[in-house]
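target-v1.pdb follows; it contains PDB, C-alpha atoms and all ligand atoms.
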```pdb
MODEL        1
ATOM      1  CA  MET G  10      -9.528 -24.012   6.033
ATOM      2  CA  ALA G  11      -6.894 -25.353   8.368
ATOM      3  CA  ALA G  12      -4.784 -26.225   5.375
ATOM      4  CA  ALA G  13      -4.708 -22.614   4.237
ATOM      5  CA  ALA G  14      -3.518 -21.147   7.519
ATOM      6  CA  PRO G  15       0.094 -22.348   7.904
ATOM      7  CA  PRO G  16       1.582 -20.691   4.778
ATOM      8  CA  LEU G  17       0.202 -17.333   5.845
ATOM      9  CA  CYS G  18       1.597 -17.811   9.319
ATOM     10  CA  ALA G  19       4.937 -18.533   7.716
ATOM     11  CA  TRP G  20       4.784 -15.234   5.913
ATOM     12  CA  LEU G  21       3.793 -13.278   8.977
ATOM     13  CA  VAL G  22       6.664 -14.787  10.900
ATOM     14  CA  ALA G  23       9.008 -14.122   8.032
ATOM     15  CA  ALA G  24       7.795 -10.557   7.844
ATOM     16  CA  GLY G  25       8.411 -10.282  11.564
ATOM     17  CA  ALA G  26       7.680  -6.624  11.921
ATOM     18  CA  HIS G  27       4.017  -6.770  11.111
ATOM     19  CA  ALA G  28       2.073  -9.183  13.233
ATOM     20  CA  ASP G  29       2.093 -12.000  15.655
ATOM     21  CA  CYS G  30       1.087 -15.174  13.865
ATOM     22  CA  GLY G  31      -1.353 -16.611  16.374
ATOM     23  CA  ALA G  32      -3.002 -13.368  17.364
ATOM     24  CA  ASP G  33      -4.015 -12.120  13.993
ATOM     25  CA  GLU G  34      -7.374 -13.597  13.198
ATOM     26  CA  HIS G  35      -8.220 -10.622  11.012
ATOM     27  CA  HIS G  36      -5.410 -11.287   8.581
ATOM     28  CA  ARG G  37      -6.360 -14.894   8.421
ATOM     29  CA  GLN G  38      -9.873 -13.829   7.580
ATOM     30  CA  GLN G  39      -8.528 -11.635   4.830
ATOM     31  CA  HIS G  40      -6.495 -14.507   3.542
ATOM     32  CA  ARG G  41      -9.543 -16.720   3.450
ATOM     33  CA  GLN G  42     -11.377 -14.156   1.371
ATOM     34  CA  THR G  43      -8.485 -13.902  -1.041
ATOM     35  CA  GLN G  44      -8.454 -17.642  -1.451
ATOM     36  CA  CYS G  45     -12.166 -17.744  -2.180
ATOM     37  CA  PHE G  46     -11.872 -14.929  -4.648
ATOM     38  CA  ASP G  47      -9.037 -16.744  -6.338
ATOM     39  CA  ALA G  48     -11.120 -19.825  -6.791
ATOM     40  CA  GLY G  49     -13.903 -17.700  -8.228
ATOM     41  CA  SER G  50     -11.766 -15.961 -10.797
ATOM     42  CA  GLY G  51     -10.620 -19.290 -12.154
ATOM     43  CA  ALA G  52      -7.291 -17.983 -13.363
ATOM     44  CA  THR G  53      -5.116 -20.760 -12.041
ATOM     45  CA  PHE G  54      -7.217 -23.824 -11.431
ATOM     46  CA  GLY G  55      -9.276 -25.805 -13.892
ATOM     47  CA  LEU G  56     -11.553 -27.116 -11.166
ATOM     48  CA  ASP G  57     -13.647 -23.967 -11.262
ATOM     49  CA  ARG G  58     -15.836 -24.915 -14.171
ATOM     50  CA  ARG G  59     -18.505 -26.433 -11.967
ATOM     51  CA  PRO G  60     -19.229 -23.365  -9.870
ATOM     52  CA  LEU G  61     -19.457 -21.338 -13.070
ATOM     53  CA  GLY G  62     -22.071 -23.707 -14.456
ATOM     54  CA  ALA G  63     -23.906 -23.574 -11.165
ATOM     55  CA  ARG G  64     -23.781 -19.805 -11.319
ATOM     56  CA  ARG G  65     -25.403 -19.797 -14.737
ATOM     57  CA  ARG G  66     -28.150 -22.120 -13.614
ATOM     58  CA  GLY G  67     -28.606 -20.150 -10.415
ATOM     59  CA  SER G  68     -28.896 -16.797 -12.111
ATOM     60  CA  ALA G  69     -32.092 -17.937 -13.820
ATOM     61  CA  ARG G  70     -33.650 -17.999 -10.357
ATOM     62  CA  SER G  71     -32.651 -15.291  -7.876
ATOM     63  CA  GLY G  72     -29.384 -13.599  -6.990
ATOM     64  CA  MET G  73     -29.714 -14.358  -3.315
ATOM     65  CA  ALA G  74     -30.482 -18.049  -3.731
ATOM     66  CA  MET G  75     -27.562 -18.359  -6.099
ATOM     67  CA  SER G  76     -24.956 -17.118  -3.688
ATOM     68  CA  VAL G  77     -26.342 -19.211  -0.838
ATOM     69  CA  ALA G  78     -26.332 -22.332  -2.992
ATOM     70  CA  LEU G  79     -22.848 -21.687  -4.293
ATOM     71  CA  GLN G  80     -21.136 -21.202  -1.006
ATOM     72  CA  PRO G  81     -20.754 -24.807   0.227
ATOM     73  CA  GLU G  82     -19.746 -26.019  -3.199
ATOM     74  CA  ARG G  83     -16.876 -23.532  -3.376
ATOM     75  CA  VAL G  84     -15.534 -24.584  -0.033
ATOM     76  CA  ILE G  85     -15.442 -28.190  -1.198
ATOM     77  CA  VAL G  86     -13.681 -27.225  -4.405
ATOM     78  CA  GLU G  87     -11.090 -25.335  -2.447
ATOM     79  CA  LYS G  88     -10.418 -28.185  -0.070
ATOM     80  CA  LYS G  89      -9.802 -30.540  -2.966
ATOM     81  CA  ARG G  90      -7.411 -28.119  -4.625
ATOM     82  CA  PRO G  91      -3.920 -29.605  -4.827
ATOM     83  CA  ASP G  92      -1.260 -27.928  -2.712
ATOM     84  CA  VAL G  93       0.265 -25.055  -4.623
ATOM     85  CA  LYS G  94       3.929 -24.630  -3.911
ATOM     86  CA  GLN G  95       4.009 -21.583  -1.647
ATOM     87  CA  ARG G  96       6.749 -19.039  -2.116
ATOM     88  CA  ARG G  97       8.284 -17.610   1.018
ATOM     89  CA  VAL G  98       8.098 -13.861   1.363
ATOM     90  CA  VAL G  99      10.635 -11.914   3.396
ATOM     91  CA  VAL G 100      11.070  -8.249   4.264
ATOM     92  CA  THR G 101      14.464  -7.204   2.901
ATOM     93  CA  GLY G 102      14.587  -3.494   3.682
ATOM     94  CA  MET G 103      12.688  -0.713   5.420
ATOM     95  CA  GLY G 104      12.532   3.069   5.206
ATOM     96  CA  VAL G 105      10.535   5.654   7.146
ATOM     97  CA  VAL G 106       9.816   9.364   7.255
ATOM     98  CA  THR G 107       8.104  10.138  10.569
ATOM     99  CA  PRO G 108       7.965  12.664  13.416
ATOM    100  CA  LEU G 109       9.995  10.137  15.441
ATOM    101  CA  GLY G 110      12.915   9.868  13.057
ATOM    102  CA  HIS G 111      13.784   9.148   9.464
ATOM    103  CA  ASP G 112      15.597   5.889  10.060
ATOM    104  CA  PRO G 113      13.808   2.619  10.983
ATOM    105  CA  ASP G 114      16.077   1.950  13.991
ATOM    106  CA  VAL G 115      15.809   5.486  15.362
ATOM    107  CA  PHE G 116      12.040   5.399  14.828
ATOM    108  CA  TYR G 117      11.642   2.013  16.509
ATOM    109  CA  ASN G 118      13.861   2.856  19.476
ATOM    110  CA  ASN G 119      11.963   6.088  20.012
ATOM    111  CA  LEU G 120       8.757   4.068  20.114
ATOM    112  CA  LEU G 121      10.251   1.605  22.595
ATOM    113  CA  ASP G 122      11.477   4.476  24.768
ATOM    114  CA  GLY G 123       7.952   5.858  24.860
ATOM    115  CA  HIS G 124       8.730   9.088  23.028
ATOM    116  CA  SER G 125       5.734  10.835  21.517
ATOM    117  CA  GLY G 126       5.729  12.163  17.962
ATOM    118  CA  ILE G 127       2.972  14.623  18.833
ATOM    119  CA  SER G 128       3.917  18.281  19.080
ATOM    120  CA  GLU G 129       2.566  21.765  18.462
ATOM    121  CA  ILE G 130       1.758  22.440  14.836
ATOM    122  CA  GLU G 131       4.135  24.870  13.177
ATOM    123  CA  THR G 132       3.302  24.644   9.465
ATOM    124  CA  PHE G 133       0.250  26.877   9.667
ATOM    125  CA  ASP G 134      -1.414  29.148  12.171
ATOM    126  CA  CYS G 135      -3.874  27.050  14.122
ATOM    127  CA  SER G 136      -4.403  29.389  17.077
ATOM    128  CA  LYS G 137      -8.129  29.543  16.281
ATOM    129  CA  PHE G 138      -8.575  25.768  16.227
ATOM    130  CA  PRO G 139      -9.604  23.754  19.270
ATOM    131  CA  THR G 140      -6.737  21.333  18.575
ATOM    132  CA  ARG G 141      -3.239  22.670  18.021
ATOM    133  CA  ILE G 142      -1.177  19.501  18.218
ATOM    134  CA  ALA G 143      -0.404  16.746  15.710
ATOM    135  CA  GLY G 144       2.236  14.254  14.619
ATOM    136  CA  GLU G 145       4.041  16.808  12.511
ATOM    137  CA  ILE G 146       7.310  16.051  10.741
ATOM    138  CA  LYS G 147       9.550  18.986  11.641
ATOM    139  CA  SER G 148      12.810  18.340   9.861
ATOM    140  CA  PHE G 149      12.604  16.807   6.440
ATOM    141  CA  SER G 150      14.706  17.099   3.353
ATOM    142  CA  THR G 151      14.268  15.468  -0.038
ATOM    143  CA  GLU G 152      17.881  16.209  -0.952
ATOM    144  CA  GLY G 153      19.413  13.337  -2.823
ATOM    145  CA  TRP G 154      16.076  11.533  -3.137
ATOM    146  CA  VAL G 155      13.780  13.754  -5.239
ATOM    147  CA  VAL G 156      14.832  16.149  -8.000
ATOM    148  CA  PRO G 157      14.352  19.801  -6.849
ATOM    149  CA  LYS G 158      12.083  20.644  -9.791
ATOM    150  CA  LEU G 159       9.550  18.064  -8.618
ATOM    151  CA  SER G 160       9.991  18.518  -4.882
ATOM    152  CA  LYS G 161       8.827  22.134  -5.178
ATOM    153  CA  ARG G 162       5.574  21.156  -6.869
ATOM    154  CA  MET G 163       4.645  17.822  -5.350
ATOM    155  CA  ASP G 164       2.448  17.260  -2.341
ATOM    156  CA  LYS G 165       4.250  16.279   0.833
ATOM    157  CA  PHE G 166       2.599  12.867   0.853
ATOM    158  CA  MET G 167       4.431  12.104  -2.383
ATOM    159  CA  LEU G 168       7.738  13.457  -1.125
ATOM    160  CA  TYR G 169       7.529  11.355   2.045
ATOM    161  CA  LEU G 170       6.550   8.344  -0.034
ATOM    162  CA  ILE G 171       9.337   8.645  -2.593
ATOM    163  CA  THR G 172      11.962   9.364   0.074
ATOM    164  CA  ALA G 173      10.894   6.511   2.371
ATOM    165  CA  GLY G 174      10.541   4.156  -0.605
ATOM    166  CA  LYS G 175      14.026   4.874  -1.904
ATOM    167  CA  LYS G 176      15.443   4.601   1.601
ATOM    168  CA  ALA G 177      13.843   1.158   1.930
ATOM    169  CA  LEU G 178      15.529   0.068  -1.297
ATOM    170  CA  GLU G 179      18.940   1.253  -0.097
ATOM    171  CA  ASN G 180      18.318  -0.310   3.317
ATOM    172  CA  GLY G 181      17.666  -3.633   1.596
ATOM    173  CA  GLY G 182      20.826  -3.374  -0.472
ATOM    174  CA  LEU G 183      18.934  -2.630  -3.688
ATOM    175  CA  THR G 184      21.252   0.136  -4.836
ATOM    176  CA  GLU G 185      20.976   1.513  -8.341
ATOM    177  CA  GLU G 186      23.659  -0.919  -9.512
ATOM    178  CA  VAL G 187      21.825  -3.921  -8.101
ATOM    179  CA  ARG G 188      18.501  -2.656  -9.442
ATOM    180  CA  ASN G 189      19.893  -2.484 -12.964
ATOM    181  CA  ASP G 190      20.386  -6.237 -12.869
ATOM    182  CA  LEU G 191      16.788  -6.922 -11.806
ATOM    183  CA  ASP G 192      14.082  -7.978 -14.233
ATOM    184  CA  LYS G 193      11.967  -4.834 -13.906
ATOM    185  CA  THR G 194       8.835  -6.544 -15.182
ATOM    186  CA  ARG G 195       8.999  -8.655 -12.009
ATOM    187  CA  CYS G 196       9.264  -5.659  -9.658
ATOM    188  CA  GLY G 197       6.208  -3.755  -8.442
ATOM    189  CA  VAL G 198       5.201  -0.810  -6.285
ATOM    190  CA  LEU G 199       2.134  -0.872  -4.020
ATOM    191  CA  ILE G 200       2.160   2.171  -1.743
ATOM    192  CA  GLY G 201      -1.160   3.572  -0.632
ATOM    193  CA  SER G 202      -2.501   6.814   0.743
ATOM    194  CA  ALA G 203      -5.712   7.454   2.626
ATOM    195  CA  MET G 204      -6.162  11.067   1.576
ATOM    196  CA  GLY G 205      -3.754  11.685  -1.320
ATOM    197  CA  GLY G 206      -2.453  15.161  -2.060
ATOM    198  CA  MET G 207      -4.722  17.163   0.230
ATOM    199  CA  LYS G 208      -2.626  20.307   0.240
ATOM    200  CA  VAL G 209      -2.234  20.428  -3.537
ATOM    201  CA  PHE G 210      -5.985  19.923  -3.904
ATOM    202  CA  ASN G 211      -6.823  22.543  -1.284
ATOM    203  CA  ASP G 212      -4.435  25.063  -2.855
ATOM    204  CA  ALA G 213      -6.073  24.489  -6.228
ATOM    205  CA  ILE G 214      -9.496  25.275  -4.758
ATOM    206  CA  GLU G 215      -8.115  28.446  -3.197
ATOM    207  CA  ALA G 216      -6.471  29.407  -6.486
ATOM    208  CA  LEU G 217      -9.699  28.827  -8.368
ATOM    209  CA  ARG G 218     -11.381  31.507  -6.256
ATOM    210  CA  VAL G 219      -9.098  33.961  -8.051
ATOM    211  CA  SER G 220      -8.853  32.367 -11.478
ATOM    212  CA  TYR G 221      -8.298  28.965 -13.033
ATOM    213  CA  ARG G 222      -5.070  30.436 -14.401
ATOM    214  CA  LYS G 223      -3.648  30.434 -10.894
ATOM    215  CA  MET G 224      -4.164  26.692 -10.458
ATOM    216  CA  ASN G 225      -1.292  24.230 -10.328
ATOM    217  CA  PRO G 226      -1.582  22.445 -13.689
ATOM    218  CA  PHE G 227      -0.590  19.223 -11.903
ATOM    219  CA  CYS G 228      -3.301  19.577  -9.293
ATOM    220  CA  VAL G 229      -5.257  16.506 -10.401
ATOM    221  CA  PRO G 230      -2.365  14.062 -10.867
ATOM    222  CA  PHE G 231      -0.662  15.282  -7.693
ATOM    223  CA  ALA G 232      -3.833  14.965  -5.622
ATOM    224  CA  THR G 233      -4.687  11.425  -6.764
ATOM    225  CA  THR G 234      -4.024   8.807  -4.086
ATOM    226  CA  ASN G 235      -2.139   6.341  -6.293
ATOM    227  CA  MET G 236       0.122   8.903  -7.940
ATOM    228  CA  GLY G 237       2.915   8.778  -5.358
ATOM    229  CA  SER G 238       3.206   5.062  -5.901
ATOM    230  CA  ALA G 239       2.907   5.463  -9.679
ATOM    231  CA  ILE G 240       5.563   8.177  -9.891
ATOM    232  CA  LEU G 241       7.952   6.059  -7.854
ATOM    233  CA  ALA G 242       7.276   3.105 -10.177
ATOM    234  CA  MET G 243       7.950   5.300 -13.197
ATOM    235  CA  ASP G 244      11.066   6.738 -11.564
ATOM    236  CA  LEU G 245      12.419   3.252 -10.894
ATOM    237  CA  GLY G 246      11.184   1.903 -14.226
ATOM    238  CA  TRP G 247       9.485  -0.955 -12.406
ATOM    239  CA  MET G 248       6.816  -2.555 -14.542
ATOM    240  CA  GLY G 249       5.275  -5.118 -12.225
ATOM    241  CA  PRO G 250       2.031  -4.599 -10.225
ATOM    242  CA  ASN G 251       1.586  -0.842  -9.888
ATOM    243  CA  TYR G 252      -1.383   0.537  -7.958
ATOM    244  CA  SER G 253      -2.393   1.623  -4.484
ATOM    245  CA  ILE G 254      -5.040   0.748  -1.918
ATOM    246  CA  SER G 255      -6.829   3.367   0.153
ATOM    247  CA  THR G 256      -8.390   2.115   3.391
ATOM    248  CA  ALA G 257      -7.967   4.872   6.021
ATOM    249  CA  CYS G 258      -5.596   3.894   8.847
ATOM    250  CA  ALA G 259      -5.240   0.344   7.526
ATOM    251  CA  THR G 260      -3.901   1.533   4.146
ATOM    252  CA  SER G 261      -0.277   0.471   4.655
ATOM    253  CA  ASN G 262      -1.215  -2.908   6.110
ATOM    254  CA  PHE G 263      -3.463  -3.750   3.177
ATOM    255  CA  CYS G 264      -0.742  -2.682   0.756
ATOM    256  CA  ILE G 265       1.867  -4.824   2.528
ATOM    257  CA  LEU G 266      -0.470  -7.829   2.641
ATOM    258  CA  ASN G 267      -1.399  -7.552  -1.030
ATOM    259  CA  ALA G 268       2.222  -7.022  -2.035
ATOM    260  CA  ALA G 269       3.153 -10.218  -0.192
ATOM    261  CA  ASN G 270       0.336 -12.025  -1.988
ATOM    262  CA  HIS G 271       1.638 -10.880  -5.380
ATOM    263  CA  ILE G 272       4.959 -12.510  -4.530
ATOM    264  CA  ARG G 273       3.337 -15.641  -3.094
ATOM    265  CA  ARG G 274       1.305 -16.125  -6.263
ATOM    266  CA  GLY G 275       4.370 -15.689  -8.425
ATOM    267  CA  GLU G 276       3.212 -12.435 -10.033
ATOM    268  CA  ALA G 277       6.272 -10.502  -8.874
ATOM    269  CA  ASP G 278       9.677 -11.111  -7.288
ATOM    270  CA  VAL G 279      10.175  -7.766  -5.562
ATOM    271  CA  MET G 280       7.509  -5.437  -4.186
ATOM    272  CA  LEU G 281       8.011  -1.999  -2.661
ATOM    273  CA  CYS G 282       5.036  -1.463  -0.352
ATOM    274  CA  GLY G 283       3.611   0.691   2.432
ATOM    275  CA  GLY G 284       1.693   3.928   2.808
ATOM    276  CA  SER G 285       2.002   7.701   3.117
ATOM    277  CA  ASP G 286      -0.158  10.680   4.101
ATOM    278  CA  ALA G 287       0.302  14.379   4.772
ATOM    279  CA  PRO G 288      -3.043  15.751   5.990
ATOM    280  CA  LEU G 289      -1.725  18.548   8.243
ATOM    281  CA  ILE G 290      -3.578  21.452   6.707
ATOM    282  CA  PRO G 291      -6.581  23.323   8.139
ATOM    283  CA  ILE G 292      -9.237  21.031   6.617
ATOM    284  CA  GLY G 293      -7.298  17.999   7.840
ATOM    285  CA  MET G 294      -7.896  19.221  11.388
TER
HETATM  286  C1  LIG G 301       1.901   2.871 -13.145
HETATM  287  O1  LIG G 301       0.679   3.575 -12.968
HETATM  288  C2  LIG G 301       0.660   4.862 -13.558
HETATM  289  C3  LIG G 301      -0.624   5.562 -13.213
HETATM  290  O2  LIG G 301      -1.657   4.710 -12.873
HETATM  291  C4  LIG G 301       0.866   4.750 -15.057
HETATM  292  O3  LIG G 301       0.895   6.033 -15.638
HETATM  293  C5  LIG G 301       2.182   4.022 -15.316
HETATM  294  O4  LIG G 301       2.353   3.840 -16.696
HETATM  295  C6  LIG G 301       2.173   2.692 -14.617
HETATM  296  N1  LIG G 301       3.461   2.068 -14.810
HETATM  297  C7  LIG G 301       3.566   0.868 -15.270
HETATM  298  C8  LIG G 301       4.951   0.381 -15.477
HETATM  299  O5  LIG G 301       2.604   0.188 -15.512
ENDMDL
END
```
As structure tokens, how would this structure be written, given the file I've shared?
Ligand SMILES: *[C@@H]1O[C@H](CO)[C@@H](O)[C@H](O)[C@H]1NC(C)=O
Amino acid sequence: MAAAAPPLCAWLVAAGAHADCGADEHHRQQHRQTQCFDAGSGATFGLDRRPLGARRRGSARSGMAMSVALQPERVIVEKKRPDVKQRRVVVTGMGVVTPLGHDPDVFYNNLLDGHSGISEIETFDCSKFPTRIAGEIKSFSTEGWVVPKLSKRMDKFMLYLITAGKKALENGGLTEEVRNDLDKTRCGVLIGSAMGGMKVFNDAIEALRVSYRKMNPFCVPFATTNMGSAILAMDLGWMGPNYSISTACATSNFCILNAANHIRRGEADVMLCGGSDAPLIPIGM
């Protein structure tokens, strides 16, 4: 496995913002799993025939015995695999929408200065709740980033996502002009959400108590976790990898890691990645 570690370290260093190379055993673990999975899928390397044959033979016996027997063989196959030319992955731009500022530098300096993004909740009356504080975004405008028709209907998680995503593109110098010259089939969007459009979903349930006619017709698409990412991909016309991962607080990290892997494996040249959530409604408390 030692051979697999350095390229990942190179990425983490290149990415800079995300992790310290030596300290992050978890990411390395993840990487190892990805590598194994790769070998199993057999998409890129012809060497995989043997494990497949072994799998067929094994399945005649028992599922457990099969996986135990296969394991060492796979490791050997992977070690013998010729070095694939690794592509370097770099972070070219960043964008944020947070209680601590809507610009990466402002946000980061506020963190360094020890400012807290936690404050009293203002969006709804929470006087009857035991907790009345949260990391609420107080001042936020979609002006110039999302068309007004959509910004009135969409869930906040989508508005944050689209705004931060477009800011990241600008921050990285990918203005509309530059984007027009990109091969859009090589550009992807991988922005996750843990909860999706909670408010839109909650409002639809409330509306349904009166009548289905009161429901937001977009309640399902606007509540789905991958829709923010998908709408941004459609907005940009990007046709590369287009999905989202939902893994609670680790959502953004998994999205960033997988986006980097898409580039490393040559499946995309540009990836817009990260995560977004807006759970500040009564049930989110
Ligand atoms: C991105 O995903 C959405 C929803 O999953 C889909 O409607 C859209 O066509 C996809 N875009 C591309 C370019 O594949």
Given the choices G:Ser136, G:Leu120, G:Pro108, G:Ala177, which gets closest to Phe149 (chain G) if the distance is worked out from all atoms listed in the file?
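Checking each candidate against Phe149 (chain G), we get G:Pro108 as the closest.
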Using all atoms listed in the file, find each residue of chain G with at least one atom at most 12 Å away from an atom of ligand LIG 301 (chain G); report its shortest atom-to-atom pair and that distance in Å (one decimal), sort the rows by chain and rising residue number, and return the result as a Markdown table.
```
| residue | atom | partner | partner_atom | distance |
| --- | --- | --- | --- | --- |
| G:Lys193 | CA | G:LIG301 | C8 | 8.9 |
| G:Thr194 | CA | G:LIG301 | C8 | 7.9 |
| G:Arg195 | CA | G:LIG301 | C8 | 10.5 |
| G:Cys196 | CA | G:LIG301 | C8 | 9.4 |
| G:Gly197 | CA | G:LIG301 | C8 | 8.3 |
| G:Val198 | CA | G:LIG301 | C1 | 8.5 |
| G:Leu199 | CA | G:LIG301 | C1 | 9.9 |
| G:Ile200 | CA | G:LIG301 | O1 | 11.4 |
| G:Pro230 | CA | G:LIG301 | C3 | 9.0 |
| G:Phe231 | CA | G:LIG301 | C3 | 11.2 |
| G:Thr233 | CA | G:LIG301 | O2 | 9.6 |
| G:Thr234 | CA | G:LIG301 | O2 | 10.0 |
| G:Asn235 | CA | G:LIG301 | O2 | 6.8 |
| G:Met236 | CA | G:LIG301 | C3 | 6.3 |
| G:Gly237 | CA | G:LIG301 | C3 | 9.2 |
| G:Ser238 | CA | G:LIG301 | O1 | 7.7 |
| G:Ala239 | CA | G:LIG301 | O1 | 4.4 |
| G:Ile240 | CA | G:LIG301 | C2 | 7.0 |
| G:Leu241 | CA | G:LIG301 | C1 | 8.6 |
| G:Ala242 | CA | G:LIG301 | N1 | 6.1 |
| G:Met243 | CA | G:LIG301 | N1 | 5.8 |
| G:Asp244 | CA | G:LIG301 | N1 | 9.5 |
| G:Leu245 | CA | G:LIG301 | C8 | 9.2 |
| G:Gly246 | CA | G:LIG301 | C8 | 6.5 |
| G:Trp247 | CA | G:LIG301 | C8 | 5.6 |
| G:Met248 | CA | G:LIG301 | C8 | 3.6 |
| G:Gly249 | CA | G:LIG301 | C8 | 6.4 |
| G:Pro250 | CA | G:LIG301 | O5 | 7.2 |
| G:Asn251 | CA | G:LIG301 | C1 | 4.9 |
| G:Tyr252 | CA | G:LIG301 | O1 | 6.2 |
| G:Ser253 | CA | G:LIG301 | O2 | 9.0 |
```
Between CA of Asp212 (chain G) and CA of Gly126 (chain G), what is the spacing in Å?
26.5 Å
Which residue of G:Leu217, G:Thr132, G:Gly123, G:Phe210 approaches Val229 (chain G) most closely, using all atoms listed in the file
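Using all atoms listed in the file, the shortest distance to Val229 (chain G) belongs to G:Phe210.
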Here CA of Gln95 (chain G) and CA of His271 (chain G) stand apart by 11.6 Å
Please write the residues picked by the PyMOL selection byres (((chain G and resi 147) around 10) and not hetatm) on this file as a ChimeraX atom specification.
/G:107-110,128,130-132,144-146,148-150
Per-axis box centre and lengths in Å around region 148-167 of chain G, 8 Å margin per side, axis-aligned, as lines of an AutoDock Vina configuration file:
```
center_x = 10.9
center_y = 16.8
center_z = 0.0
size_x = 33.0
size_y = 26.6
size_z = 35.7
```
Residues near Pro113 (chain G), anyone? I mean within 10 Å using only C-alpha atoms, not counting same-chain ones fewer than 2 positions away, as a PyMOL selection string.
chain G and resi 102-107+109-111+115-119+173+176-177+180
Of the candidates G:Thr140, G:Ser220, G:Ser285, G:Asn262, which one gets nearest to Gly174 (chain G) if we count only C-alpha atoms?
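For Gly174 (chain G), the nearest of the given residues is G:Ser285.
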Could you please determine the separation between CA of Asp164 (chain G) and CA of Lys208 (chain G) in Å, to one decimal place?
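Separating CA of Asp164 (chain G) from CA of Lys208 (chain G) is a distance of 6.5 Å.
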Looking at only C-alpha atoms, which of G:Ile171, G:Cys282, G:Ala259, G:Ala232 is the one that sits closest to Val209 (chain G)?
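Residue with the minimum atom-to-atom distance to Val209 (chain G): G:Ala232.
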Near-Lys137 (chain G) list (12 Å; only C-alpha atoms; drop same-chain fewer than 4 positions) as a JSON list (two decimals) with C-alpha atoms, keeping the file's coordinate frame:
```
[["chain", "number", "residue", "atom", "x", "y", "z"],
["G", 133, "PHE", "CA", 0.25, 26.88, 9.67],
["G", 141, "ARG", "CA", -3.24, 22.67, 18.02],
["G", 291, "PRO", "CA", -6.58, 23.32, 8.14],
["G", 294, "MET", "CA", -7.90, 19.22, 11.39]]
```
List as a ChimeraX atom specification the residues having at least one atom at most 12 Å from position (10.0, -21.8, -2.8) as given in the file, counting all atoms listed in the file.
/G:16,93-99,272-275,278
Residue nearest Thr101 (chain G) among G:Ile214, G:Met204, G:Leu178, G:Val219 (counting only C-alpha atoms):
G:Leu178
For Gly201 (chain G), list every protein, DNA or RNA residue within 6 Å, evaluated using only C-alpha atoms, and leave out those in the same chain fewer than 5 positions away; present the list as an MDAnalysis selection string.
chainID G and resid 253:255 260 284
In file coordinates, which residues lie within 10 Å of (9.3, 14.2, 0.2) using only C-alpha atoms, given as a ChimeraX atom specification?
/G:106,149-152,154-155,159-161,163-173
Kindly indicate which residue among G:Cys135, G:Ala268, G:Met280, G:Ile142 lies nearest to Leu183 (chain G), using all atoms listed in the file for the distances.
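Nearest candidate to Leu183 (chain G) out of G:Cys135, G:Ala268, G:Met280, G:Ile142: G:Met280.
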